Amino acid sequence: MFQVHLVCRHGESDRLVGLLTTDAGVRNIVVLPASARRPDGDVVQFDLAAGSANPVLRQLHDLGIGEHSPVAVHIVDAALPEPSPPARRGRRRRLGEIAPVWELLYARIRADAVYAPSFYMLLVIAGLIAAVGILTNSQILIVGAMVVGPEYSAIISVASGVESRDWAPVRAGLIALVSGFLLAIVVTLIFAWCTKALGKTPTAYRLGLRPVSALIDSPNLFSVVVAVLAGIVGVVSLAESRANALIGVFISITTIPAAADAGVSLAYHLWSEAGGSALQLLLNVGLLIIVGALVIRVMKILWRGVDDTPGRGPGTG
């Protein structure tokens with residue numbers, strides 16, 4: 001169940017309440033006329049069943065609610081007592097209660113697609129952690145770098161923009177990814193060059209015993225399989241708000257480690273390894289974007305029979 005809080009212009013609340021009362025999934029409607037300030041208007045609050053979320057939120061969007069004031073949607077973890085389900089419930093109604101709420105999915109993606117200086121700082125730090133892991137053959141550090149890296153927020157923003165044909169987030173996300181990864185590669189190159197110049201290169205790496213690096217700079221069929229599966233898990237976990245599964249995406253994709261390995265390999269003049277790492281990076285990022293866009297589209301098609309008005313993201317035609 002969700003709790004929805006919004007402010008509409010004076011005089012619009014009657015029409016809005018009239019529409020809300022036609023849906024059995026809307027309950028506990030509260031209207032506070034002329035009680036809102038900045039902006040001025042009527043406050044409307046109501047409880048919203050999960051099965052009615054997509055059509056009701058779409059109605060709010062079509063009415064222009066939220067253009068002058070945000071619509072706040074809160075997820076209710078528990079309600080005491082639980083609302084009694086309808087006496088007779090069809091398969092469509094049951095499926096509607098577990099359908100992804102598209103407006104919330106896009107809102108979550110937009111909220112995460114913020115490329116502040118901290119985004120680039122985390123990319124650089126993750127790259128340095130991965131560089132240490134590559135030099136010391138530490139798989140634990142590689143996994144840690146994957147978790148620290150923030151790049152998936154930009155990747156899924158680009159994917160959703162491609163799917164919804166909204167090109168502004170696509171451009172912003174691609175610029176952030178290209179500049180962020182280039183910065184991470186340059187910083188790790190400098191770090192590796194300093195390590196080499198100071199004579200601190202670990203013996204195993206210097207002798208060519210680089211099992212961790214070999215896994216990263218050798219893209220193959222299994223790299224494609226893992227990237228495709230990670231792309232599917234990423235979208236599904238976002239749609240169902242499964243944070244644990246989303247963390248699994250972070251530790252499954254070879255993006256940050258590939259960027260770090262490219263920088264380290266360049267510092268040690270390992271040209272083929274650097275090329276393989278760059279290919280690995282492009283392969284994973286490209287597949288995550290393509291698969292992400294396709295999975296969002298497929299999920300909408302699969303759920304279309306449940307939702308009378310299947311969701312489309314901002315800017316779709």
# chains A, B, ... in the order shown; residues from 1 in each chain; ligands from 1

call {"tool": "closest_atom_pairs", "arguments": {"of": "stretch 52-136 of chain A", "to": "stretch 22-26 of chain A", "cutoff": "9 Å", "atoms": "only C-alpha atoms", "output": "tab-separated table"}}
result
residue	atom	partner	partner_atom	distance
A:Ser52	CA	A:Gly25	CA	5.4
A:Ala53	CA	A:Gly25	CA	8.2
A:Val56	CA	A:Asp23	CA	7.9

call {"tool": "write_last_selection", "arguments": {"atoms": "N, CA and C atoms", "output": "PDB file, in the first residue's frame"}}
result
ATOM      1  N   SER A  52      -3.842  -0.596  -7.720  1.00  0.00           N
ATOM      2  CA  SER A  52      -4.408   0.585  -8.383  1.00  0.00           C
ATOM      3  C   SER A  52      -3.369   1.664  -8.634  1.00  0.00           C
ATOM      4  N   ALA A  53      -2.120   1.423  -8.253  1.00  0.00           N
ATOM      5  CA  ALA A  53      -1.107   2.473  -8.299  1.00  0.00           C
ATOM      6  C   ALA A  53      -0.865   2.988  -9.714  1.00  0.00           C
ATOM      7  N   VAL A  56      -3.965   5.054 -11.219  1.00  0.00           N
ATOM      8  CA  VAL A  56      -4.235   6.269 -10.461  1.00  0.00           C
ATOM      9  C   VAL A  56      -3.113   7.284 -10.659  1.00  0.00           C
TER      10      VAL A  56
END

call {"tool": "select_by_dssp", "arguments": {"residues": "stretch 78-227 of chain A", "states": "alpha helix (DSSP H)", "output": "VMD selection string"}}
result
chain A and resid 91 to 96 102 to 112 117 to 136 139 to 148 151 to 164 167 to 197 203 to 206 211 to 216 221 to 227

call {"tool": "residues_around", "arguments": {"residues": "A:Phe181", "least_positions_apart": "6", "cutoff": "9 Å", "atoms": "only C-alpha atoms", "output": "NGL selection string"}}
result
:A and (120 or 123-124 or 127 or 151 or 255-256 or 259-260)

call {"tool": "write_last_selection", "arguments": {"atoms": "C-alpha atoms", "output": "mmCIF file, in the first residue's frame"}}
result
data_model
loop_
_atom_site.group_PDB
_atom_site.id
_atom_site.type_symbol
_atom_site.label_atom_id
_atom_site.label_comp_id
_atom_site.auth_asym_id
_atom_site.auth_seq_id
_atom_site.Cartn_x
_atom_site.Cartn_y
_atom_site.Cartn_z
ATOM 1 C CA TYR A 120 33.299 11.174 -10.044
ATOM 2 C CA LEU A 123 34.485 6.356 -9.523
ATOM 3 C CA VAL A 124 38.101 7.388 -8.932
ATOM 4 C CA GLY A 127 39.254 2.606 -9.583
ATOM 5 C CA GLU A 151 28.187 3.908 -12.424
ATOM 6 C CA THR A 255 33.202 -2.009 -15.371
ATOM 7 C CA ILE A 256 35.313 -0.323 -12.699
ATOM 8 C CA ALA A 259 38.808 0.749 -16.289
ATOM 9 C CA ALA A 260 41.372 0.255 -13.520
#

call {"tool": "closest_residue", "arguments": {"among": "A:Ala36, A:Leu198, A:Val43, A:Ile75", "to": "A:Phe2", "atoms": "only C-alpha atoms"}}
result
A:Ile75

call {"tool": "closest_residue", "arguments": {"among": "A:Met1, A:Leu57, A:Ile140, A:Ile29", "to": "A:Ala78", "atoms": "only C-alpha atoms"}}
result
A:Met1

call {"tool": "residues_around", "arguments": {"residues": "A:Val30", "least_positions_apart": "5", "cutoff": "9 Å", "atoms": "only C-alpha atoms", "output": "list in words"}}
result
Val43, Val44, Gln45 and Phe46 of chain A

call {"tool": "select_by_dssp", "arguments": {"residues": "stretch 65-309 of chain A", "states": "strand (DSSP E or B)", "output": "ChimeraX atom specification"}}
result
/A:72-75

call {"tool": "residues_around", "arguments": {"residues": "A:Pro70", "least_positions_apart": "3", "cutoff": "10 Å", "atoms": "only C-alpha atoms", "output": "PyMOL selection string"}}
result
chain A and resi 5-8+65-67+73

call {"tool": "closest_residue", "arguments": {"among": "A:Thr201, A:Ser35, A:Gln139, A:Ser160", "to": "A:Leu105", "atoms": "only C-alpha atoms"}}
result
A:Ser160

call {"tool": "closest_atom_pairs", "arguments": {"of": "stretch 231-294 of chain A", "to": "stretch 206-224 of chain A", "cutoff": "7 Å", "atoms": "only C-alpha atoms", "output": "CSV"}}
result
residue,atom,partner,partner_atom,distance
A:Pro257,CA,A:Ile216,CA,7.0
A:Ala258,CA,A:Ile216,CA,5.9
A:Asp261,CA,A:Ser213,CA,6.6
A:Glu273,CA,A:Asp217,CA,5.5
A:Gly276,CA,A:Asp217,CA,4.4
A:Ser277,CA,A:Asp217,CA,4.2
A:Gln280,CA,A:Pro219,CA,5.4

call {"tool": "residues_around", "arguments": {"residues": "A:Gly292", "least_positions_apart": "4", "cutoff": "9 Å", "atoms": "only C-alpha atoms", "output": "list of chain:residue names"}}
result
A:Ile155, A:Ile156, A:Val158, A:Ala159, A:Ser160, A:Glu163, A:Val228, A:Gly231, A:Ile232, A:Gly234, A:Val235, A:Leu287, A:Leu288, A:Ile296, A:Arg297

call {"tool": "closest_residue", "arguments": {"among": "A:Met299, A:Ala79, A:Leu183, A:Ile125", "to": "A:Pro150", "atoms": "only C-alpha atoms"}}
result
A:Ile125

call {"tool": "decode", "arguments": {"residues": "stretch 12-82 of chain A", "atoms": "C-alpha atoms", "output": "mmCIF file, in the first residue's frame"}}
result
data_model
loop_
_atom_site.group_PDB
_atom_site.id
_atom_site.type_symbol
_atom_site.label_atom_id
_atom_site.label_comp_id
_atom_site.auth_asym_id
_atom_site.auth_seq_id
_atom_site.Cartn_x
_atom_site.Cartn_y
_atom_site.Cartn_z
ATOM 1 C CA GLU A 12 -9.264 21.293 -8.698
ATOM 2 C CA SER A 13 -9.656 19.117 -5.620
ATOM 3 C CA ASP A 14 -13.348 18.362 -6.267
ATOM 4 C CA ARG A 15 -12.618 17.019 -9.734
ATOM 5 C CA LEU A 16 -9.644 15.066 -8.430
ATOM 6 C CA VAL A 17 -11.622 13.482 -5.595
ATOM 7 C CA GLY A 18 -14.363 12.586 -8.032
ATOM 8 C CA LEU A 19 -11.878 10.614 -10.114
ATOM 9 C CA LEU A 20 -10.229 9.008 -7.093
ATOM 10 C CA THR A 21 -13.507 7.713 -5.688
ATOM 11 C CA THR A 22 -14.155 5.733 -8.873
ATOM 12 C CA ASP A 23 -11.234 3.406 -8.033
ATOM 13 C CA ALA A 24 -11.849 0.848 -5.285
ATOM 14 C CA GLY A 25 -8.131 0.849 -4.472
ATOM 15 C CA VAL A 26 -8.227 4.440 -3.209
ATOM 16 C CA ARG A 27 -9.212 4.859 0.440
ATOM 17 C CA ASN A 28 -9.063 7.338 3.299
ATOM 18 C CA ILE A 29 -9.234 10.436 1.107
ATOM 19 C CA VAL A 30 -8.532 13.629 3.053
ATOM 20 C CA VAL A 31 -9.004 17.110 1.558
ATOM 21 C CA LEU A 32 -7.765 20.263 3.290
ATOM 22 C CA PRO A 33 -9.056 23.180 1.205
ATOM 23 C CA ALA A 34 -6.810 26.223 0.839
ATOM 24 C CA SER A 35 -4.414 24.948 3.511
ATOM 25 C CA ALA A 36 -1.219 24.780 1.455
ATOM 26 C CA ARG A 37 1.333 27.544 1.067
ATOM 27 C CA ARG A 38 4.177 27.784 -1.443
ATOM 28 C CA PRO A 39 2.427 26.876 -3.605
ATOM 29 C CA ASP A 40 -1.025 27.872 -2.488
ATOM 30 C CA GLY A 41 -3.716 25.276 -3.003
ATOM 31 C CA ASP A 42 -5.701 22.394 -1.589
ATOM 32 C CA VAL A 43 -3.960 19.518 0.186
ATOM 33 C CA VAL A 44 -5.160 16.053 -0.816
ATOM 34 C CA GLN A 45 -4.017 12.841 0.876
ATOM 35 C CA PHE A 46 -5.156 9.271 0.311
ATOM 36 C CA ASP A 47 -4.143 5.645 0.698
ATOM 37 C CA LEU A 48 -3.528 3.755 -2.529
ATOM 38 C CA ALA A 49 -3.576 -0.009 -2.996
ATOM 39 C CA ALA A 50 -0.672 -1.421 -4.993
ATOM 40 C CA GLY A 51 -3.003 -2.881 -7.615
ATOM 41 C CA SER A 52 -4.408 0.585 -8.383
ATOM 42 C CA ALA A 53 -1.107 2.473 -8.299
ATOM 43 C CA ASN A 54 -0.352 2.533 -12.033
ATOM 44 C CA PRO A 55 -3.759 3.763 -13.308
ATOM 45 C CA VAL A 56 -4.235 6.269 -10.461
ATOM 46 C CA LEU A 57 -0.740 7.776 -10.764
ATOM 47 C CA ARG A 58 -1.246 7.949 -14.509
ATOM 48 C CA GLN A 59 -4.486 9.856 -13.984
ATOM 49 C CA LEU A 60 -2.657 12.347 -11.780
ATOM 50 C CA HIS A 61 -0.052 12.801 -14.511
ATOM 51 C CA ASP A 62 -2.715 13.295 -17.202
ATOM 52 C CA LEU A 63 -4.498 15.886 -15.049
ATOM 53 C CA GLY A 64 -1.289 17.864 -14.717
ATOM 54 C CA ILE A 65 -1.109 17.225 -10.977
ATOM 55 C CA GLY A 66 2.498 17.610 -9.941
ATOM 56 C CA GLU A 67 3.420 20.261 -12.504
ATOM 57 C CA HIS A 68 3.425 23.037 -9.909
ATOM 58 C CA SER A 69 4.039 20.885 -6.820
ATOM 59 C CA PRO A 70 5.551 17.394 -6.451
ATOM 60 C CA VAL A 71 3.379 14.375 -5.708
ATOM 61 C CA ALA A 72 4.866 12.564 -2.707
ATOM 62 C CA VAL A 73 4.375 8.792 -2.639
ATOM 63 C CA HIS A 74 5.309 6.899 0.523
ATOM 64 C CA ILE A 75 5.516 3.120 0.700
ATOM 65 C CA VAL A 76 3.662 1.754 3.721
ATOM 66 C CA ASP A 77 5.573 -1.178 5.202
ATOM 67 C CA ALA A 78 2.689 -2.320 7.417
ATOM 68 C CA ALA A 79 -0.873 -1.253 8.203
ATOM 69 C CA LEU A 80 -2.771 -2.196 11.370
ATOM 70 C CA PRO A 81 -5.095 -3.846 10.712
ATOM 71 C CA GLU A 82 -4.407 -4.926 7.166
#
